[in-house]
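Worksheet: one structure, shown below.
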Amino acid sequence: MKPSKPSKSRVLEFVHEAAGDLHKAGFIDKRRMRQFDALCLQPIAPYSSTRIRALRARHRLSQAVLASVLNTSLSTVRQWEIGQKQPSGPSLKLLSILDKRGLEALL
């Protein structure tokens, strides 16, 4: 299991590679390997209200359609876009996927 983003440091990169080899050999279970994956992945950058609006405009989505794609409410998307709330957790990850891979990756 390789991280989808570059690791934070060369040390973590080597630790992750060693853990992957141990996982392949059966010494580390899937759950522990996921912990190594999480340790070695860089956090997702926050999305500002301007960035969310630009992303929505780039993909020509209404607020309602974006809310549906992200499995969140319309009022949540509105609050993101006016800066009252910040996306986090799964919503932040889905916004990142939409930004990098496009709408087709989420459908």
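Residues in the structure tokens are named by chain (A, B, ... in the order shown) and by number from 1 within that chain; ligands are numbered from 1 in the order shown.
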
Handout entry: Spatial neighbours of stretch 30-38 of chain A, max dist 7 Å, only C-alpha atoms, sep filter under 3 positions, as a PyMOL selection string
Key = chain A and resi 3+16+19+23+41

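Residue neighbourhood of A:Gln84, excluding near-sequence residues (fewer than 4 positions): Ser48, Ser49, Ser75, Thr76, Val77, Arg78, Gln79 and Trp80 of chain A, at 12 Å, using only C-alpha atoms.
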
Store the residues picked out above, limited to all heavy atoms, as an mmCIF file, in the first residue's frame.
data_model
loop_
_atom_site.group_PDB
_atom_site.id
_atom_site.type_symbol
_atom_site.label_atom_id
_atom_site.label_comp_id
_atom_site.auth_asym_id
_atom_site.auth_seq_id
_atom_site.Cartn_x
_atom_site.Cartn_y
_atom_site.Cartn_z
ATOM 1 N N SER A 48 -10.658 27.394 1.311
ATOM 2 C CA SER A 48 -11.299 28.656 1.674
ATOM 3 C C SER A 48 -12.622 28.787 0.931
ATOM 4 O O SER A 48 -12.900 28.045 -0.023
ATOM 5 C CB SER A 48 -10.391 29.832 1.307
ATOM 6 O OG SER A 48 -10.264 29.915 -0.102
ATOM 7 N N SER A 49 -13.413 29.764 1.354
ATOM 8 C CA SER A 49 -14.702 29.984 0.693
ATOM 9 C C SER A 49 -14.499 30.331 -0.784
ATOM 10 O O SER A 49 -15.226 29.846 -1.657
ATOM 11 C CB SER A 49 -15.486 31.079 1.403
ATOM 12 O OG SER A 49 -14.747 32.277 1.422
ATOM 13 N N SER A 75 -27.334 23.749 2.833
ATOM 14 C CA SER A 75 -26.978 24.824 3.769
ATOM 15 C C SER A 75 -25.508 24.743 4.186
ATOM 16 O O SER A 75 -24.866 25.778 4.401
ATOM 17 C CB SER A 75 -27.885 24.791 5.004
ATOM 18 O OG SER A 75 -27.674 23.611 5.743
ATOM 19 N N THR A 76 -24.956 23.539 4.262
ATOM 20 C CA THR A 76 -23.541 23.392 4.590
ATOM 21 C C THR A 76 -22.669 23.986 3.498
ATOM 22 O O THR A 76 -21.718 24.725 3.773
ATOM 23 C CB THR A 76 -23.181 21.914 4.818
ATOM 24 O OG1 THR A 76 -23.954 21.423 5.914
ATOM 25 C CG2 THR A 76 -21.716 21.733 5.108
ATOM 26 N N VAL A 77 -22.990 23.693 2.233
ATOM 27 C CA VAL A 77 -22.225 24.257 1.114
ATOM 28 C C VAL A 77 -22.344 25.772 1.125
ATOM 29 O O VAL A 77 -21.356 26.484 0.922
ATOM 30 C CB VAL A 77 -22.682 23.664 -0.239
ATOM 31 C CG1 VAL A 77 -22.019 24.373 -1.408
ATOM 32 C CG2 VAL A 77 -22.390 22.167 -0.294
ATOM 33 N N ARG A 78 -23.536 26.293 1.382
ATOM 34 C CA ARG A 78 -23.724 27.748 1.461
ATOM 35 C C ARG A 78 -22.856 28.349 2.563
ATOM 36 O O ARG A 78 -22.217 29.384 2.372
ATOM 37 C CB ARG A 78 -25.185 28.089 1.726
ATOM 38 C CG ARG A 78 -26.059 27.934 0.530
ATOM 39 C CD ARG A 78 -27.478 28.337 0.836
ATOM 40 N NE ARG A 78 -28.318 28.107 -0.321
ATOM 41 C CZ ARG A 78 -29.588 27.774 -0.263
ATOM 42 N NH1 ARG A 78 -30.187 27.649 0.907
ATOM 43 N NH2 ARG A 78 -30.277 27.566 -1.366
ATOM 44 N N GLN A 79 -22.823 27.699 3.716
ATOM 45 C CA GLN A 79 -22.020 28.203 4.834
ATOM 46 C C GLN A 79 -20.524 28.147 4.516
ATOM 47 O O GLN A 79 -19.771 29.027 4.936
ATOM 48 C CB GLN A 79 -22.332 27.421 6.105
ATOM 49 C CG GLN A 79 -23.705 27.737 6.649
ATOM 50 C CD GLN A 79 -24.086 26.861 7.824
ATOM 51 O OE1 GLN A 79 -23.505 25.811 8.050
ATOM 52 N NE2 GLN A 79 -25.075 27.309 8.581
ATOM 53 N N TRP A 80 -20.082 27.134 3.799
ATOM 54 C CA TRP A 80 -18.682 27.072 3.360
ATOM 55 C C TRP A 80 -18.358 28.267 2.470
ATOM 56 O O TRP A 80 -17.316 28.882 2.609
ATOM 57 C CB TRP A 80 -18.402 25.803 2.575
ATOM 58 C CG TRP A 80 -18.396 24.532 3.346
ATOM 59 C CD1 TRP A 80 -18.318 24.367 4.697
ATOM 60 C CD2 TRP A 80 -18.475 23.218 2.793
ATOM 61 N NE1 TRP A 80 -18.344 23.043 5.019
ATOM 62 C CE2 TRP A 80 -18.438 22.311 3.870
ATOM 63 C CE3 TRP A 80 -18.578 22.720 1.512
ATOM 64 C CZ2 TRP A 80 -18.486 20.934 3.684
ATOM 65 C CZ3 TRP A 80 -18.634 21.349 1.321
ATOM 66 C CH2 TRP A 80 -18.583 20.464 2.403
#

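Separating atom CA of A:His59 from atom CA of A:Ser73 is a distance of 18.5 Å.
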
For the contact check between stretch 22-48 of chain A and stretch 92-102 of chain A, emit one row per residue of stretch 22-48 of chain A within 10 Å, containing the shortest atom pair and the distance in Å rounded to one decimal, counting only C-alpha atoms, chain then rising number order, as a Markdown table.
| residue | atom | partner | partner_atom | distance |
| --- | --- | --- | --- | --- |
| A:Pro43 | CA | A:Lys93 | CA | 9.7 |
| A:Ile44 | CA | A:Lys93 | CA | 7.1 |
| A:Ala45 | CA | A:Ser96 | CA | 8.5 |
| A:Pro46 | CA | A:Leu92 | CA | 7.4 |
| A:Tyr47 | CA | A:Leu92 | CA | 7.5 |

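Restricting the calculation to only C-alpha atoms, the smallest distance between A:Ile82 and any of A:Val15, A:Cys40, A:Ile52, A:Leu22 is found for A:Ile52.
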
Residue set, chain A restricted to helix (DSSP H, G or I), as an mmCIF file with N, CA and C atoms, in the first residue's frame:
data_model
loop_
_atom_site.group_PDB
_atom_site.id
_atom_site.type_symbol
_atom_site.label_atom_id
_atom_site.label_comp_id
_atom_site.auth_asym_id
_atom_site.auth_seq_id
_atom_site.Cartn_x
_atom_site.Cartn_y
_atom_site.Cartn_z
ATOM 1 N N ARG A 10 12.024 11.773 4.456
ATOM 2 C CA ARG A 10 12.638 10.539 3.954
ATOM 3 C C ARG A 10 12.552 9.441 4.998
ATOM 4 N N VAL A 11 12.644 9.793 6.269
ATOM 5 C CA VAL A 11 12.567 8.794 7.336
ATOM 6 C C VAL A 11 11.208 8.107 7.301
ATOM 7 N N LEU A 12 10.142 8.911 7.225
ATOM 8 C CA LEU A 12 8.803 8.325 7.162
ATOM 9 C C LEU A 12 8.625 7.491 5.894
ATOM 10 N N GLU A 13 9.243 7.920 4.818
ATOM 11 C CA GLU A 13 9.175 7.162 3.574
ATOM 12 C C GLU A 13 9.793 5.770 3.758
ATOM 13 N N PHE A 14 10.937 5.715 4.425
ATOM 14 C CA PHE A 14 11.595 4.427 4.668
ATOM 15 C C PHE A 14 10.806 3.572 5.654
ATOM 16 N N VAL A 15 10.244 4.209 6.692
ATOM 17 C CA VAL A 15 9.422 3.481 7.656
ATOM 18 C C VAL A 15 8.210 2.885 6.956
ATOM 19 N N HIS A 16 7.587 3.678 6.095
ATOM 20 C CA HIS A 16 6.402 3.193 5.378
ATOM 21 C C HIS A 16 6.761 2.040 4.445
ATOM 22 N N GLU A 17 7.887 2.149 3.776
ATOM 23 C CA GLU A 17 8.321 1.078 2.881
ATOM 24 C C GLU A 17 8.590 -0.209 3.659
ATOM 25 N N ALA A 18 9.250 -0.089 4.803
ATOM 26 C CA ALA A 18 9.523 -1.264 5.635
ATOM 27 C C ALA A 18 8.224 -1.874 6.157
ATOM 28 N N ALA A 19 7.290 -1.025 6.564
ATOM 29 C CA ALA A 19 5.995 -1.521 7.036
ATOM 30 C C ALA A 19 5.250 -2.234 5.907
ATOM 31 N N GLY A 20 5.342 -1.692 4.704
ATOM 32 C CA GLY A 20 4.706 -2.341 3.551
ATOM 33 C C GLY A 20 5.286 -3.715 3.289
ATOM 34 N N ASP A 21 6.603 -3.838 3.418
ATOM 35 C CA ASP A 21 7.243 -5.145 3.242
ATOM 36 C C ASP A 21 6.810 -6.119 4.331
ATOM 37 N N LEU A 22 6.715 -5.629 5.567
ATOM 38 C CA LEU A 22 6.253 -6.487 6.660
ATOM 39 C C LEU A 22 4.793 -6.905 6.467
ATOM 40 N N HIS A 23 3.996 -5.987 5.919
ATOM 41 C CA HIS A 23 2.589 -6.308 5.636
ATOM 42 C C HIS A 23 2.492 -7.401 4.572
ATOM 43 N N LYS A 24 3.303 -7.271 3.516
ATOM 44 C CA LYS A 24 3.299 -8.280 2.456
ATOM 45 C C LYS A 24 3.730 -9.646 2.979
ATOM 46 N N ALA A 25 4.656 -9.642 3.948
ATOM 47 C CA ALA A 25 5.152 -10.897 4.520
ATOM 48 C C ALA A 25 4.194 -11.463 5.566
ATOM 49 N N LYS A 30 -3.769 -5.577 8.257
ATOM 50 C CA LYS A 30 -4.285 -4.486 7.431
ATOM 51 C C LYS A 30 -4.557 -3.225 8.255
ATOM 52 N N ARG A 31 -5.081 -3.414 9.457
ATOM 53 C CA ARG A 31 -5.395 -2.261 10.306
ATOM 54 C C ARG A 31 -4.127 -1.489 10.686
ATOM 55 N N ARG A 32 -3.080 -2.200 11.061
ATOM 56 C CA ARG A 32 -1.821 -1.544 11.422
ATOM 57 C C ARG A 32 -1.209 -0.850 10.198
ATOM 58 N N MET A 33 -1.352 -1.471 9.031
ATOM 59 C CA MET A 33 -0.818 -0.865 7.810
ATOM 60 C C MET A 33 -1.535 0.441 7.501
ATOM 61 N N ARG A 34 -2.829 0.496 7.763
ATOM 62 C CA ARG A 34 -3.581 1.737 7.559
ATOM 63 C C ARG A 34 -3.069 2.837 8.484
ATOM 64 N N GLN A 35 -2.648 2.462 9.692
ATOM 65 C CA GLN A 35 -2.087 3.444 10.615
ATOM 66 C C GLN A 35 -0.780 4.011 10.064
ATOM 67 N N PHE A 36 0.047 3.144 9.484
ATOM 68 C CA PHE A 36 1.279 3.612 8.851
ATOM 69 C C PHE A 36 0.963 4.509 7.655
ATOM 70 N N ASP A 37 -0.048 4.137 6.877
ATOM 71 C CA ASP A 37 -0.456 4.968 5.743
ATOM 72 C C ASP A 37 -0.864 6.363 6.221
ATOM 73 N N ALA A 38 -1.664 6.427 7.267
ATOM 74 C CA ALA A 38 -2.130 7.712 7.786
ATOM 75 C C ALA A 38 -0.970 8.540 8.323
ATOM 76 N N LEU A 39 -0.010 7.892 8.955
ATOM 77 C CA LEU A 39 1.151 8.591 9.496
ATOM 78 C C LEU A 39 1.989 9.215 8.386
ATOM 79 N N CYS A 40 2.085 8.535 7.275
ATOM 80 C CA CYS A 40 2.985 8.959 6.213
ATOM 81 C C CYS A 40 2.348 9.879 5.177
ATOM 82 N N SER A 49 -13.413 29.764 1.354
ATOM 83 C CA SER A 49 -14.702 29.984 0.693
ATOM 84 C C SER A 49 -14.499 30.331 -0.784
ATOM 85 N N THR A 50 -13.489 31.125 -1.075
ATOM 86 C CA THR A 50 -13.187 31.512 -2.456
ATOM 87 C C THR A 50 -12.781 30.296 -3.283
ATOM 88 N N ARG A 51 -11.978 29.459 -2.691
ATOM 89 C CA ARG A 51 -11.504 28.259 -3.404
ATOM 90 C C ARG A 51 -12.658 27.286 -3.688
ATOM 91 N N ILE A 52 -13.588 27.172 -2.758
ATOM 92 C CA ILE A 52 -14.743 26.287 -2.968
ATOM 93 C C ILE A 52 -15.629 26.839 -4.078
ATOM 94 N N ARG A 53 -15.870 28.152 -4.060
ATOM 95 C CA ARG A 53 -16.677 28.765 -5.130
ATOM 96 C C ARG A 53 -16.020 28.586 -6.494
ATOM 97 N N ALA A 54 -14.697 28.771 -6.541
ATOM 98 C CA ALA A 54 -13.968 28.616 -7.805
ATOM 99 C C ALA A 54 -14.019 27.167 -8.287
ATOM 100 N N LEU A 55 -13.900 26.229 -7.376
ATOM 101 C CA LEU A 55 -13.982 24.811 -7.727
ATOM 102 C C LEU A 55 -15.359 24.473 -8.285
ATOM 103 N N ARG A 56 -16.391 24.986 -7.628
ATOM 104 C CA ARG A 56 -17.755 24.739 -8.085
ATOM 105 C C ARG A 56 -17.983 25.368 -9.457
ATOM 106 N N ALA A 57 -17.474 26.564 -9.659
ATOM 107 C CA ALA A 57 -17.628 27.250 -10.949
ATOM 108 C C ALA A 57 -16.856 26.520 -12.046
ATOM 109 N N ARG A 58 -15.668 26.035 -11.724
ATOM 110 C CA ARG A 58 -14.858 25.332 -12.713
ATOM 111 C C ARG A 58 -15.563 24.076 -13.223
ATOM 112 N N GLN A 63 -24.835 24.866 -6.148
ATOM 113 C CA GLN A 63 -24.595 24.501 -4.758
ATOM 114 C C GLN A 63 -25.322 23.213 -4.399
ATOM 115 N N ALA A 64 -26.529 23.056 -4.916
ATOM 116 C CA ALA A 64 -27.315 21.862 -4.617
ATOM 117 C C ALA A 64 -26.665 20.599 -5.187
ATOM 118 N N VAL A 65 -26.149 20.694 -6.398
ATOM 119 C CA VAL A 65 -25.503 19.527 -7.016
ATOM 120 C C VAL A 65 -24.207 19.195 -6.278
ATOM 121 N N LEU A 66 -23.420 20.220 -5.926
ATOM 122 C CA LEU A 66 -22.197 19.970 -5.167
ATOM 123 C C LEU A 66 -22.520 19.310 -3.826
ATOM 124 N N ALA A 67 -23.554 19.791 -3.163
ATOM 125 C CA ALA A 67 -23.972 19.185 -1.893
ATOM 126 C C ALA A 67 -24.339 17.715 -2.084
ATOM 127 N N SER A 68 -25.025 17.420 -3.148
ATOM 128 C CA SER A 68 -25.411 16.035 -3.435
ATOM 129 C C SER A 68 -24.192 15.162 -3.712
ATOM 130 N N VAL A 69 -23.254 15.673 -4.494
ATOM 131 C CA VAL A 69 -22.040 14.923 -4.828
ATOM 132 C C VAL A 69 -21.222 14.645 -3.575
ATOM 133 N N LEU A 70 -21.171 15.614 -2.663
ATOM 134 C CA LEU A 70 -20.380 15.468 -1.440
ATOM 135 C C LEU A 70 -21.175 14.818 -0.303
ATOM 136 N N LEU A 74 -27.324 21.323 1.455
ATOM 137 C CA LEU A 74 -27.192 22.573 0.705
ATOM 138 C C LEU A 74 -26.776 23.708 1.633
ATOM 139 N N SER A 75 -27.334 23.749 2.833
ATOM 140 C CA SER A 75 -26.978 24.824 3.769
ATOM 141 C C SER A 75 -25.508 24.743 4.186
ATOM 142 N N THR A 76 -24.956 23.539 4.262
ATOM 143 C CA THR A 76 -23.541 23.392 4.590
ATOM 144 C C THR A 76 -22.669 23.986 3.498
ATOM 145 N N VAL A 77 -22.990 23.693 2.233
ATOM 146 C CA VAL A 77 -22.225 24.257 1.114
ATOM 147 C C VAL A 77 -22.344 25.772 1.125
ATOM 148 N N ARG A 78 -23.536 26.293 1.382
ATOM 149 C CA ARG A 78 -23.724 27.748 1.461
ATOM 150 C C ARG A 78 -22.856 28.349 2.563
ATOM 151 N N GLN A 79 -22.823 27.699 3.716
ATOM 152 C CA GLN A 79 -22.020 28.203 4.834
ATOM 153 C C GLN A 79 -20.524 28.147 4.516
ATOM 154 N N TRP A 80 -20.082 27.134 3.799
ATOM 155 C CA TRP A 80 -18.682 27.072 3.360
ATOM 156 C C TRP A 80 -18.358 28.267 2.470
ATOM 157 N N GLU A 81 -19.259 28.550 1.541
ATOM 158 C CA GLU A 81 -18.998 29.594 0.552
ATOM 159 C C GLU A 81 -19.076 31.008 1.110
ATOM 160 N N ILE A 82 -19.759 31.192 2.210
ATOM 161 C CA ILE A 82 -19.776 32.532 2.822
ATOM 162 C C ILE A 82 -18.798 32.614 3.993
ATOM 163 N N GLY A 89 -12.823 16.598 7.493
ATOM 164 C CA GLY A 89 -13.018 15.159 7.401
ATOM 165 C C GLY A 89 -13.298 14.684 5.995
ATOM 166 N N PRO A 90 -14.333 13.850 5.840
ATOM 167 C CA PRO A 90 -14.652 13.291 4.521
ATOM 168 C C PRO A 90 -14.987 14.350 3.470
ATOM 169 N N SER A 91 -15.645 15.422 3.891
ATOM 170 C CA SER A 91 -15.982 16.483 2.927
ATOM 171 C C SER A 91 -14.728 17.136 2.372
ATOM 172 N N LEU A 92 -13.753 17.348 3.228
ATOM 173 C CA LEU A 92 -12.493 17.942 2.788
ATOM 174 C C LEU A 92 -11.779 17.009 1.816
ATOM 175 N N LYS A 93 -11.781 15.722 2.107
ATOM 176 C CA LYS A 93 -11.151 14.743 1.218
ATOM 177 C C LYS A 93 -11.868 14.701 -0.129
ATOM 178 N N LEU A 94 -13.201 14.719 -0.119
ATOM 179 C CA LEU A 94 -13.959 14.694 -1.374
ATOM 180 C C LEU A 94 -13.730 15.964 -2.193
ATOM 181 N N LEU A 95 -13.627 17.113 -1.528
ATOM 182 C CA LEU A 95 -13.308 18.353 -2.253
ATOM 183 C C LEU A 95 -11.934 18.249 -2.908
ATOM 184 N N SER A 96 -11.003 17.653 -2.199
ATOM 185 C CA SER A 96 -9.652 17.478 -2.738
ATOM 186 C C SER A 96 -9.669 16.557 -3.960
ATOM 187 N N ILE A 97 -10.431 15.486 -3.878
ATOM 188 C CA ILE A 97 -10.543 14.561 -5.022
ATOM 189 C C ILE A 97 -11.191 15.261 -6.200
ATOM 190 N N LEU A 98 -12.254 16.010 -5.941
ATOM 191 C CA LEU A 98 -12.924 16.766 -7.004
ATOM 192 C C LEU A 98 -11.954 17.747 -7.649
ATOM 193 N N ASP A 99 -11.171 18.409 -6.833
ATOM 194 C CA ASP A 99 -10.207 19.400 -7.333
ATOM 195 C C ASP A 99 -9.123 18.754 -8.187
ATOM 196 N N LYS A 100 -8.593 17.619 -7.750
ATOM 197 C CA LYS A 100 -7.463 17.006 -8.441
ATOM 198 C C LYS A 100 -7.847 16.056 -9.560
ATOM 199 N N ARG A 101 -8.939 15.324 -9.391
ATOM 200 C CA ARG A 101 -9.279 14.282 -10.362
ATOM 201 C C ARG A 101 -10.546 14.542 -11.144
ATOM 202 N N LEU A 103 -14.866 15.576 -11.508
ATOM 203 C CA LEU A 103 -16.171 15.083 -11.096
ATOM 204 C C LEU A 103 -16.351 13.582 -11.351
ATOM 205 N N GLU A 104 -15.751 13.093 -12.430
ATOM 206 C CA GLU A 104 -15.900 11.676 -12.790
ATOM 207 C C GLU A 104 -15.372 10.758 -11.700
ATOM 208 N N ALA A 105 -14.389 11.200 -10.935
ATOM 209 C CA ALA A 105 -13.813 10.380 -9.871
ATOM 210 C C ALA A 105 -14.773 10.181 -8.722
#
